[in-house]
>>> print(open('run.txt').read())   # compact mmCIF, C-alpha atoms
# COMPACT_ATOMS: atom_id res chain seq x y z
CA MET A 1 3.25 72.23 -29.47
CA VAL A 2 3.32 69.86 -26.52
CA ILE A 3 -0.08 68.84 -25.21
CA LYS A 4 -0.08 68.90 -21.44
CA VAL A 5 -2.58 68.76 -18.62
CA GLU A 6 -3.95 72.23 -18.16
CA HIS A 7 -4.90 72.05 -14.52
CA GLU A 8 -3.91 70.25 -11.33
CA LEU A 9 -7.56 69.21 -11.02
CA HIS A 10 -6.76 66.27 -13.27
CA THR A 11 -4.09 64.90 -10.96
CA ARG A 12 -6.12 65.64 -7.85
CA ARG A 13 -9.07 63.69 -9.19
CA ARG A 14 -7.03 60.88 -10.71
CA GLY A 15 -8.11 58.39 -8.04
CA ARG A 16 -11.78 59.19 -8.43
CA ASN A 17 -11.59 59.06 -12.22
CA LEU A 18 -9.80 55.72 -12.13
CA GLY A 19 -12.42 54.40 -9.73
CA VAL A 20 -15.28 55.46 -12.00
CA GLY A 21 -13.44 53.94 -14.98
CA LEU A 22 -12.98 50.63 -13.20
CA LEU A 23 -16.63 50.58 -12.13
CA LEU A 24 -17.77 51.18 -15.70
CA VAL A 25 -15.48 48.47 -17.07
CA GLY A 26 -16.69 46.13 -14.34
CA MET A 27 -20.29 46.86 -15.21
CA VAL A 28 -19.70 46.18 -18.89
CA GLY A 29 -18.03 42.88 -17.96
CA ILE A 30 -20.86 41.82 -15.65
CA VAL A 31 -23.61 42.72 -18.14
CA PHE A 32 -21.71 40.86 -20.87
CA GLY A 33 -21.38 37.84 -18.59
CA LEU A 34 -25.10 38.00 -17.82
CA THR A 35 -25.88 38.11 -21.55
CA VAL A 36 -23.74 35.04 -22.21
CA VAL A 37 -25.39 33.12 -19.35
CA LYS A 38 -28.89 34.11 -20.48
CA VAL A 39 -28.27 33.10 -24.11
CA LEU A 40 -26.59 29.81 -23.22
CA GLY A 41 -29.47 29.10 -20.82
CA LEU A 42 -32.06 29.11 -23.59
CA SER A 43 -33.55 25.66 -24.11
CA ASP A 44 -33.53 26.26 -27.87
CA ILE A 45 -30.82 28.54 -29.12
CA ARG A 46 -33.09 29.65 -31.99
CA GLN A 47 -35.10 31.61 -29.40
CA PHE A 48 -32.21 34.05 -29.41
CA GLU A 49 -33.36 35.24 -32.81
CA THR A 50 -36.62 36.49 -31.30
CA PHE A 51 -34.75 39.11 -29.32
CA ASP A 52 -34.53 41.47 -32.29
CA HIS A 53 -38.35 41.88 -32.31
CA VAL A 54 -38.58 41.13 -36.02
CA ALA A 55 -41.15 38.61 -37.19
CA ARG A 56 -39.48 35.63 -38.84
CA PRO A 57 -41.71 32.93 -40.28
CA ALA A 58 -38.83 30.46 -40.10
CA ILE A 59 -38.91 30.50 -36.29
CA GLU A 60 -42.67 30.36 -35.81
CA PRO A 61 -43.64 27.26 -33.79
CA ALA A 62 -45.60 25.77 -36.70
CA SER A 63 -42.61 26.17 -39.05
CA ILE A 64 -40.25 24.68 -36.48
CA GLU A 65 -42.55 21.69 -35.99
CA ALA A 66 -42.84 21.20 -39.74
CA ALA A 67 -39.07 21.37 -40.12
CA ASP A 68 -38.60 18.85 -37.30
CA GLN A 69 -41.13 16.48 -38.91
CA LEU A 70 -39.42 16.82 -42.26
CA ARG A 71 -36.05 16.07 -40.67
CA ALA A 72 -37.48 13.04 -38.89
CA THR A 73 -39.02 11.76 -42.12
CA GLU A 74 -35.71 12.15 -43.94
CA GLU A 75 -33.89 10.29 -41.19
CA VAL A 76 -36.38 7.40 -41.38
CA GLY A 77 -36.04 7.37 -45.18
CA GLN A 78 -32.27 7.04 -44.91
CA MET B 1 -16.32 75.33 -18.99
CA THR B 2 -15.62 79.03 -18.60
CA ASP B 3 -12.89 80.41 -16.39
CA ALA B 4 -15.51 81.82 -14.05
CA SER B 5 -17.30 78.52 -13.59
CA LEU B 6 -13.99 76.65 -13.24
CA THR B 7 -12.94 79.03 -10.50
CA GLU B 8 -16.29 78.61 -8.84
CA ALA B 9 -15.97 74.83 -8.95
CA MET B 10 -12.49 75.00 -7.49
CA GLN B 11 -13.71 77.21 -4.69
CA SER B 12 -16.47 74.73 -4.02
CA ASP B 13 -13.86 71.95 -3.86
CA ALA B 14 -11.77 73.99 -1.48
CA ARG B 15 -14.81 74.66 0.68
CA THR B 16 -16.15 71.14 0.75
CA GLY B 17 -12.91 69.18 0.59
CA GLU B 18 -12.20 66.68 -2.18
CA ALA B 19 -14.47 63.66 -2.15
CA GLY B 20 -12.76 60.42 -3.04
CA MET B 21 -14.29 57.10 -4.06
CA GLY B 22 -14.34 56.12 -0.39
CA ASP B 23 -16.65 59.00 0.46
CA TYR B 24 -19.15 57.98 -2.20
CA PHE B 25 -18.87 54.38 -1.03
CA ALA B 26 -19.55 55.52 2.56
CA LEU B 27 -22.84 57.03 1.33
CA LEU B 28 -23.99 53.49 0.57
CA LYS B 29 -23.69 52.41 4.25
CA PRO B 30 -21.43 49.40 3.60
CA ARG B 31 -22.02 47.85 7.05
CA VAL B 32 -25.77 47.72 6.44
CA MET B 33 -25.08 46.35 2.96
CA SER B 34 -23.14 43.42 4.44
CA LEU B 35 -26.18 42.30 6.49
CA VAL B 36 -28.40 42.76 3.43
CA VAL B 37 -26.06 40.65 1.29
CA PHE B 38 -25.93 37.87 3.87
CA THR B 39 -29.68 37.59 4.45
CA ALA B 40 -30.52 37.95 0.74
CA LEU B 41 -27.98 35.25 -0.08
CA VAL B 42 -29.56 32.90 2.47
CA GLY B 43 -33.03 33.61 1.02
CA LEU B 44 -31.66 32.76 -2.42
CA LEU B 45 -29.77 29.62 -1.42
CA VAL B 46 -32.47 28.01 0.72
CA ALA B 47 -35.12 28.39 -2.00
CA PRO B 48 -36.23 25.11 -3.55
CA VAL B 49 -35.45 26.35 -7.07
CA GLY B 50 -31.86 26.58 -8.22
CA ILE B 51 -30.61 29.34 -10.47
CA HIS B 52 -27.41 29.82 -12.43
CA PRO B 53 -24.61 30.93 -10.05
CA PHE B 54 -23.79 33.98 -12.18
CA ILE B 55 -27.41 35.15 -12.18
CA GLY B 56 -27.46 34.58 -8.42
CA PHE B 57 -24.30 36.68 -8.02
CA PHE B 58 -25.74 39.39 -10.27
CA ALA B 59 -29.01 39.43 -8.30
CA ILE B 60 -27.21 39.76 -4.95
CA LEU B 61 -25.13 42.58 -6.42
CA CYS B 62 -28.30 44.38 -7.51
CA ILE B 63 -29.88 43.92 -4.07
CA ALA B 64 -26.71 45.24 -2.39
CA VAL B 65 -26.58 48.26 -4.71
CA GLY B 66 -30.29 48.89 -4.13
CA ALA B 67 -29.72 48.82 -0.37
CA GLY B 68 -26.77 51.18 -0.82
CA ALA B 69 -28.91 53.52 -2.91
CA SER B 70 -31.50 53.73 -0.15
CA GLY B 71 -28.65 54.50 2.27
CA ALA B 72 -27.52 57.40 0.07
CA LEU B 73 -31.09 58.73 -0.12
CA ASN B 74 -31.35 58.45 3.66
CA MET B 75 -28.12 60.44 4.09
CA TRP B 76 -29.37 63.07 1.66
CA TRP B 77 -32.62 63.52 3.56
CA ASP B 78 -31.06 63.36 7.04
CA ALA B 79 -28.11 65.66 6.33
CA ASP B 80 -29.64 68.39 8.53
CA ILE B 81 -29.83 66.15 11.61
CA ASP B 82 -26.68 64.09 10.91
CA VAL B 83 -24.61 67.20 11.49
CA LEU B 84 -26.14 67.56 14.98
CA MET B 85 -25.27 64.07 16.22
CA LYS B 86 -21.83 62.83 17.21
CA ARG B 87 -22.29 59.36 15.66
CA THR B 88 -23.25 60.75 12.25
CA ALA B 89 -21.35 64.06 12.11
CA LYS B 90 -18.48 62.45 10.20
CA ARG B 91 -20.66 61.13 7.38
CA PRO B 92 -19.67 62.46 3.94
CA ILE B 93 -22.40 65.13 3.70
CA PRO B 94 -22.12 66.71 7.19
CA ALA B 95 -18.32 66.43 6.88
CA GLY B 96 -18.59 68.62 3.76
CA LYS B 97 -17.00 66.11 1.39
CA VAL B 98 -20.09 65.32 -0.68
CA THR B 99 -22.90 67.74 -1.46
CA PRO B 100 -26.51 66.70 -0.69
CA GLU B 101 -27.33 67.02 -4.41
CA GLU B 102 -24.60 64.52 -5.29
CA ALA B 103 -25.96 62.06 -2.71
CA LEU B 104 -29.48 62.48 -4.09
CA GLY B 105 -28.26 61.95 -7.65
CA LEU B 106 -26.24 58.89 -6.69
CA GLY B 107 -29.14 57.43 -4.70
CA LEU B 108 -31.68 57.90 -7.47
CA ALA B 109 -29.36 56.65 -10.21
CA LEU B 110 -28.34 53.52 -8.30
CA SER B 111 -31.97 52.85 -7.33
CA GLY B 112 -32.99 52.91 -11.00
CA PHE B 113 -30.02 50.83 -12.12
CA SER B 114 -30.43 48.16 -9.47
CA VAL B 115 -34.19 47.71 -9.93
CA VAL B 116 -34.14 47.65 -13.74
CA LEU B 117 -31.13 45.32 -13.93
CA LEU B 118 -32.63 42.96 -11.34
CA TRP B 119 -35.81 42.87 -13.41
CA LEU B 120 -33.92 42.09 -16.60
CA ALA B 121 -31.75 39.47 -14.92
CA THR B 122 -34.42 37.72 -12.87
CA ASN B 123 -38.10 38.63 -12.60
CA ALA B 124 -40.54 41.50 -12.04
CA LEU B 125 -41.54 40.42 -8.53
CA ALA B 126 -37.97 40.49 -7.20
CA ALA B 127 -37.40 43.88 -8.83
CA GLY B 128 -40.71 45.18 -7.48
CA LEU B 129 -39.83 44.06 -3.96
CA LEU B 130 -36.44 45.77 -4.25
CA ALA B 131 -38.09 48.98 -5.47
CA PHE B 132 -40.57 48.84 -2.60
CA THR B 133 -37.74 48.27 -0.10
CA ILE B 134 -35.90 51.36 -1.35
CA PHE B 135 -39.13 53.37 -1.24
CA PHE B 136 -39.93 52.06 2.24
CA TYR B 137 -36.53 52.98 3.68
CA ALA B 138 -36.13 56.34 1.94
CA VAL B 139 -39.71 57.63 2.11
CA ILE B 140 -41.74 55.73 4.72
CA TYR B 141 -38.92 55.45 7.26
CA SER B 142 -36.51 58.35 6.61
CA MET B 143 -38.93 61.04 5.48
CA TRP B 144 -41.98 60.13 7.52
CA LEU B 145 -41.65 57.83 10.52
CA LYS B 146 -38.15 58.58 11.79
CA ARG B 147 -38.99 62.08 12.98
CA SER B 148 -42.64 61.56 13.85
CA THR B 149 -42.95 58.50 16.12
CA PRO B 150 -40.84 56.65 18.71
CA GLN B 151 -42.04 53.43 17.03
CA ASN B 152 -39.94 54.45 14.00
CA ILE B 153 -37.52 51.57 14.44
CA VAL B 154 -40.33 48.98 14.47
CA ILE B 155 -41.96 49.87 11.16
CA GLY B 156 -38.71 51.07 9.61
CA GLY B 157 -37.22 47.68 10.46
CA ALA B 158 -39.31 46.22 7.66
CA ALA B 159 -36.88 47.71 5.15
CA GLY B 160 -34.10 45.59 6.63
CA ALA B 161 -36.35 42.53 6.65
CA PHE B 162 -37.10 42.44 2.92
CA PRO B 163 -33.74 41.17 1.53
CA PRO B 164 -34.26 37.43 2.25
CA MET B 165 -37.73 37.75 0.69
CA ILE B 166 -36.16 39.32 -2.41
CA GLY B 167 -33.52 36.57 -2.54
CA TRP B 168 -36.29 33.96 -2.37
CA ALA B 169 -38.25 35.78 -5.11
CA VAL B 170 -35.15 35.87 -7.32
CA ALA B 171 -35.02 32.06 -7.27
CA THR B 172 -38.71 31.14 -7.17
CA GLY B 173 -40.44 34.14 -8.74
CA GLY B 174 -42.89 34.21 -5.83
CA VAL B 175 -43.43 34.66 -2.12
CA SER B 176 -44.31 31.92 0.32
CA VAL B 177 -44.74 31.09 3.99
CA GLU B 178 -40.99 30.49 4.20
CA SER B 179 -39.98 33.87 2.80
CA ALA B 180 -42.65 35.62 4.89
CA LEU B 181 -41.26 33.97 8.03
CA MET B 182 -37.69 35.01 7.18
CA PHE B 183 -39.04 38.55 6.79
CA ALA B 184 -40.88 38.27 10.12
CA LEU B 185 -37.76 36.96 11.87
CA ILE B 186 -35.76 40.11 11.05
CA PHE B 187 -38.78 42.37 11.54
CA MET B 188 -39.49 41.08 15.06
CA TRP B 189 -35.80 40.90 15.97
CA THR B 190 -35.07 44.56 15.16
CA PRO B 191 -36.92 46.23 18.09
CA PRO B 192 -35.37 44.25 20.98
CA HIS B 193 -31.97 44.43 19.27
CA PHE B 194 -32.11 48.18 18.79
CA TRP B 195 -33.74 49.07 22.10
CA ALA B 196 -31.24 46.96 24.06
CA LEU B 197 -28.60 49.22 22.49
CA ALA B 198 -30.62 52.37 23.20
CA LEU B 199 -30.79 51.46 26.90
CA PHE B 200 -27.03 51.68 27.44
CA VAL B 201 -25.88 54.17 24.80
CA LYS B 202 -26.35 57.83 25.53
CA THR B 203 -27.67 59.14 22.22
CA ASP B 204 -28.20 62.68 21.07
CA TYR B 205 -31.25 61.86 18.97
CA GLY B 206 -33.27 64.16 21.22
CA ASP B 207 -31.07 67.13 20.31
CA ALA B 208 -31.77 66.38 16.66
CA GLY B 209 -35.53 66.14 17.21
CA VAL B 210 -35.73 62.41 16.53
CA PRO B 211 -38.12 60.71 18.99
CA MET B 212 -36.60 57.66 20.66
CA LEU B 213 -38.63 55.40 22.92
CA THR B 214 -36.10 55.71 25.77
CA GLU B 215 -36.55 59.48 25.75
CA SER B 216 -40.21 59.89 24.77
CA HIS B 217 -41.70 57.16 26.98
CA GLY B 218 -38.88 56.40 29.40
CA ARG B 219 -36.65 53.42 30.07
CA ARG B 220 -39.28 51.38 31.94
CA VAL B 221 -41.51 51.37 28.87
CA THR B 222 -38.51 50.52 26.68
CA ARG B 223 -37.72 47.50 28.88
CA ASN B 224 -41.37 46.39 28.57
CA HIS B 225 -41.12 46.69 24.79
CA VAL B 226 -37.89 44.65 24.68
CA LEU B 227 -39.56 41.77 26.52
CA GLY B 228 -42.83 42.08 24.59
CA TYR B 229 -41.26 41.95 21.15
CA THR B 230 -38.96 39.08 22.22
CA ILE B 231 -42.02 37.04 23.27
CA PHE B 232 -43.53 37.57 19.80
CA LEU B 233 -40.20 36.84 18.15
CA VAL B 234 -39.83 33.34 19.64
CA PRO B 235 -42.70 31.54 17.82
CA VAL B 236 -41.66 33.13 14.52
CA ALA B 237 -38.04 31.99 14.87
CA VAL B 238 -38.87 28.49 16.08
CA GLY B 239 -41.78 28.12 13.64
CA ILE B 240 -39.42 28.28 10.65
CA ALA B 241 -38.12 24.86 11.73
CA PHE B 242 -41.42 23.28 10.64
CA THR B 243 -41.42 24.72 7.12
CA SER B 244 -39.66 23.33 4.06
CA ILE B 245 -36.48 25.31 4.80
CA GLY B 246 -36.21 24.23 8.45
CA GLY B 247 -35.26 20.94 10.05
CA ALA B 248 -34.01 19.22 13.18
CA PHE B 249 -30.67 21.04 13.30
CA TYR B 250 -32.35 24.41 12.91
CA LEU B 251 -34.95 23.51 15.54
CA ALA B 252 -32.35 22.46 18.12
CA LEU B 253 -30.23 25.56 17.59
CA SER B 254 -33.23 27.85 17.49
CA ILE B 255 -34.55 26.53 20.81
CA VAL B 256 -31.18 27.19 22.47
CA LEU B 257 -30.90 30.67 20.98
CA ASN B 258 -34.46 31.63 21.84
CA VAL B 259 -34.29 30.39 25.43
CA ARG B 260 -31.10 32.43 25.86
CA PHE B 261 -32.57 35.53 24.20
CA LEU B 262 -35.82 35.29 26.15
CA TRP B 263 -33.92 34.87 29.41
CA GLY B 264 -31.81 37.93 28.58
CA ALA B 265 -34.91 40.01 27.74
CA TRP B 266 -36.51 38.83 31.00
CA GLN B 267 -33.42 39.92 32.95
CA VAL B 268 -33.45 43.31 31.24
CA TRP B 269 -37.16 43.68 32.02
CA LYS B 270 -36.65 42.83 35.72
CA ARG B 271 -34.01 45.51 36.25
CA ASP B 272 -34.49 49.19 36.84
CA GLU B 273 -32.15 52.07 36.15
CA THR B 274 -30.57 52.05 39.61
CA ILE B 275 -29.48 48.42 39.34
CA ALA B 276 -28.42 48.86 35.71
CA GLU B 277 -26.22 51.85 36.54
CA THR B 278 -24.41 49.99 39.33
CA ASP B 279 -23.03 47.35 36.95
CA GLY B 280 -22.66 49.64 33.95
CA TYR B 281 -25.65 48.19 32.04
CA ALA B 282 -23.93 44.79 31.85
CA THR B 283 -27.13 42.83 31.17
CA GLU B 284 -28.34 45.26 28.50
CA LYS B 285 -24.94 45.07 26.79
CA TRP B 286 -24.99 41.27 26.97
CA LEU B 287 -28.48 41.16 25.43
CA PHE B 288 -27.35 43.41 22.60
CA ARG B 289 -24.30 41.19 21.94
CA ILE B 290 -26.29 37.97 21.85
CA SER B 291 -28.90 39.61 19.62
CA LEU B 292 -26.21 39.95 16.94
CA SER B 293 -25.24 36.28 17.04
CA TYR B 294 -28.95 35.34 17.36
CA LEU B 295 -29.80 36.58 13.87
CA PHE B 296 -26.56 35.43 12.27
CA LEU B 297 -26.88 31.90 13.69
CA HIS B 298 -30.54 31.54 12.69
CA PHE B 299 -29.75 32.37 9.07
CA GLY B 300 -26.58 30.28 9.26
CA ALA B 301 -28.66 27.33 10.46
CA LEU B 302 -30.97 27.73 7.45
CA LEU B 303 -27.92 27.46 5.21
CA VAL B 304 -26.81 24.31 7.05
CA GLU B 305 -30.28 22.82 6.57
CA ALA B 306 -30.11 23.59 2.84
CA LEU B 307 -26.74 21.85 2.69
CA LEU B 308 -28.06 18.82 4.60
CA ARG B 309 -31.03 18.59 2.23
CA SER B 310 -28.77 18.71 -0.80
CA LEU B 311 -26.71 15.85 0.68
CA GLY B 312 -29.85 13.88 1.51
CA TRP B 313 -29.09 14.02 5.24
CA ALA B 314 -32.07 16.10 6.33
CA ILE B 315 -34.09 14.43 9.10
CA TRP B 316 -37.36 15.93 7.82
>>> encode(input="run.txt", output="structure tokens")
Amino acid sequence: MVIKVEHELHTRRRGRNLGVGLLLVGMVGIVFGLTVVKVLGLSDIRQFETFDHVARPAIEPASIEAADQLRATEEVGQ
Amino acid sequence: MTDASLTEAMQSDARTGEAGMGDYFALLKPRVMSLVVFTALVGLLVAPVGIHPFIGFFAILCIAVGAGASGALNMWWDADIDVLMKRTAKRPIPAGKVTPEEALGLGLALSGFSVVLLWLATNALAAGLLAFTIFFYAVIYSMWLKRSTPQNIVIGGAAGAFPPMIGWAVATGGVSVESALMFALIFMWTPPHFWALALFVKTDYGDAGVPMLTESHGRRVTRNHVLGYTIFLVPVAVGIAFTSIGGAFYLALSIVLNVRFLWGAWQVWKRDETIAETDGYATEKWLFRISLSYLFLHFGALLVEALLRSLGWAIW
């Protein structure tokens, strides 16, 4: 059985439907672009991990400072 | 969808005509949006804090959509009087292409989208100002003042004055003397601009029950108001020159523009209806024309000053 358009409404509203489709695609593109800009604009990319609202000890300021100190100590040792 | 409801929908389409994308776009008052975009962009660009160009573009888009949403809400509310006036009878709702419910839905949805997205992209103050602007235009102006007082255009003009303040808030996250003066410039400019037009255009606002100063208080009073508001406009416009966004170029241009505008308002004030009718309201038409370039050139001069500052060529 051949599937075909059941009503002329679909052709009559083609322009409007295409317009809505393009607007939605455009909106997705713009919001994606905004997300990329916001993430790349973070001073420390690790802040991105805070966006999932889950507590992570590894990214607590005290842990980050300790890790930085450890790294600095290792670099001096080398 | 049942056959009955499909038939009903088709009959509705046949009755109202088929709305295309252009009709929905017309609900957003694109000509008003263009002024909003320009002034908001200037507010954003002259601010002392830079933002990422994409975020700036996104913010201006949100402000434009918010302005369009308030336009759709205005058309929804005013559908009953739009059909009575020649200038507005061809709008999508009175023309039968879009139903009032669709306009209301579009206006509310775009209002929500624009405010929330502006908040997420920039800051709460900018989003709050945009929300207040939409509320002010749709509720304070359209629903309340427009049909109740001949001063409607004065207070309603505030809605058109907010965009540069929002643009400034997008960049700085605050308000300041500079953004308040940009607001005041548009706010004080609106009455003489609009009433100069009202003096030479025969409107049918009276038929629709909308009080206009020319009809409720007469043309003499309207001429007095044009001159009065222009006198208050001058110090606001020139005063911007002495803030952080002004400068020598702005001051020079502003003095020329304000002397010309004040002289035009004075000429309009001096005339009476008999003289105006003999030359076809030539002076009133001239004042209206220069009022358009007046606002555009003031904001353009602020952009030039921002450019001069960025190049290190600003005199102060």
>>> closest_residue(input="run.txt", among="B:Ala59, B:Met75, B:Ala237, B:Val304", to="B:Asn123", atoms="all atoms listed in the file")
B:Ala59
>>> atom_distance(input="run.txt", atom1="atom CA of B:Leu197", atom2="atom CA of B:Ala265")
12.3 Å
>>> residues_around(input="run.txt", residues="stretch 79-95 of chain B", least_positions_apart="3", cutoff="7 Å", atoms="all atoms listed in the file", output="list in words")
Asp23, Leu27, Met75, Trp76, Val98, Thr99, Pro100, Asp204, Tyr205 and Ala208 of chain B
>>> interface_residues(input="run.txt", of="chain B", to="chain A", cutoff="10 Å", atoms="only C-alpha atoms", output="VMD selection string")
chain B and resid 10 13 18 to 22 24 52 to 55 57 to 58 117 120 to 121
>>> write_last_selection(input="run.txt", atoms="C-alpha atoms", output="tab-separated table (two decimals), keeping the file's coordinate frame")
chain	number	residue	atom	x	y	z
B	10	MET	CA	-12.49	75.00	-7.49
B	13	ASP	CA	-13.86	71.95	-3.86
B	18	GLU	CA	-12.20	66.68	-2.18
B	19	ALA	CA	-14.47	63.66	-2.15
B	20	GLY	CA	-12.76	60.42	-3.04
B	21	MET	CA	-14.29	57.10	-4.06
B	22	GLY	CA	-14.34	56.12	-0.39
B	24	TYR	CA	-19.15	57.98	-2.20
B	52	HIS	CA	-27.41	29.82	-12.43
B	53	PRO	CA	-24.61	30.93	-10.05
B	54	PHE	CA	-23.79	33.98	-12.18
B	55	ILE	CA	-27.41	35.15	-12.18
B	57	PHE	CA	-24.30	36.68	-8.02
B	58	PHE	CA	-25.74	39.39	-10.27
B	117	LEU	CA	-31.13	45.32	-13.93
B	120	LEU	CA	-33.92	42.09	-16.60
B	121	ALA	CA	-31.75	39.47	-14.92
>>> atom_distance(input="run.txt", atom1="atom CA of B:Leu297", atom2="atom CA of B:Phe25")
28.0 Å
>>> atom_distance(input="run.txt", atom1="atom CA of B:Asn152", atom2="atom CA of B:Thr190")
11.1 Å
>>> closest_residue(input="run.txt", among="B:Leu28, B:Leu233, B:Met33, B:Ile60", to="B:Leu185", atoms="all atoms listed in the file")
B:Leu233
>>> residues_around(input="run.txt", residues="B:Ile240", least_positions_apart="2", cutoff="10 Å", atoms="all atoms listed in the file", output="count of residues only")
22
>>> residues_around(input="run.txt", residues="B:Gly173", least_positions_apart="4", cutoff="8 Å", atoms="only C-alpha atoms", output="short mmCIF file (atom, residue, chain, number, x, y, z; two decimals) with C-alpha atoms, keeping the file's coordinate frame")
data_model
loop_
_atom_site.label_atom_id
_atom_site.label_comp_id
_atom_site.auth_asym_id
_atom_site.auth_seq_id
_atom_site.Cartn_x
_atom_site.Cartn_y
_atom_site.Cartn_z
CA ASN B 123 -38.10 38.63 -12.60
CA LEU B 125 -41.54 40.42 -8.53
CA ALA B 126 -37.97 40.49 -7.20
CA TRP B 168 -36.29 33.96 -2.37
CA ALA B 169 -38.25 35.78 -5.11
#
>>> residues_around(input="run.txt", residues="B:Leu145", least_positions_apart="2", cutoff="12 Å", atoms="all atoms listed in the file", output="PyMOL selection string")
chain B and resi 136-143+147-157+210-212
>>> closest_residue(input="run.txt", among="B:Val65, B:Leu129, B:Leu110, B:Met165", to="B:Leu45", atoms="all atoms listed in the file")
B:Met165
>>> closest_residue(input="run.txt", among="B:Ser111, B:Gly68, B:Pro164, B:Leu311", to="B:Ser176", atoms="all atoms listed in the file")
B:Pro164
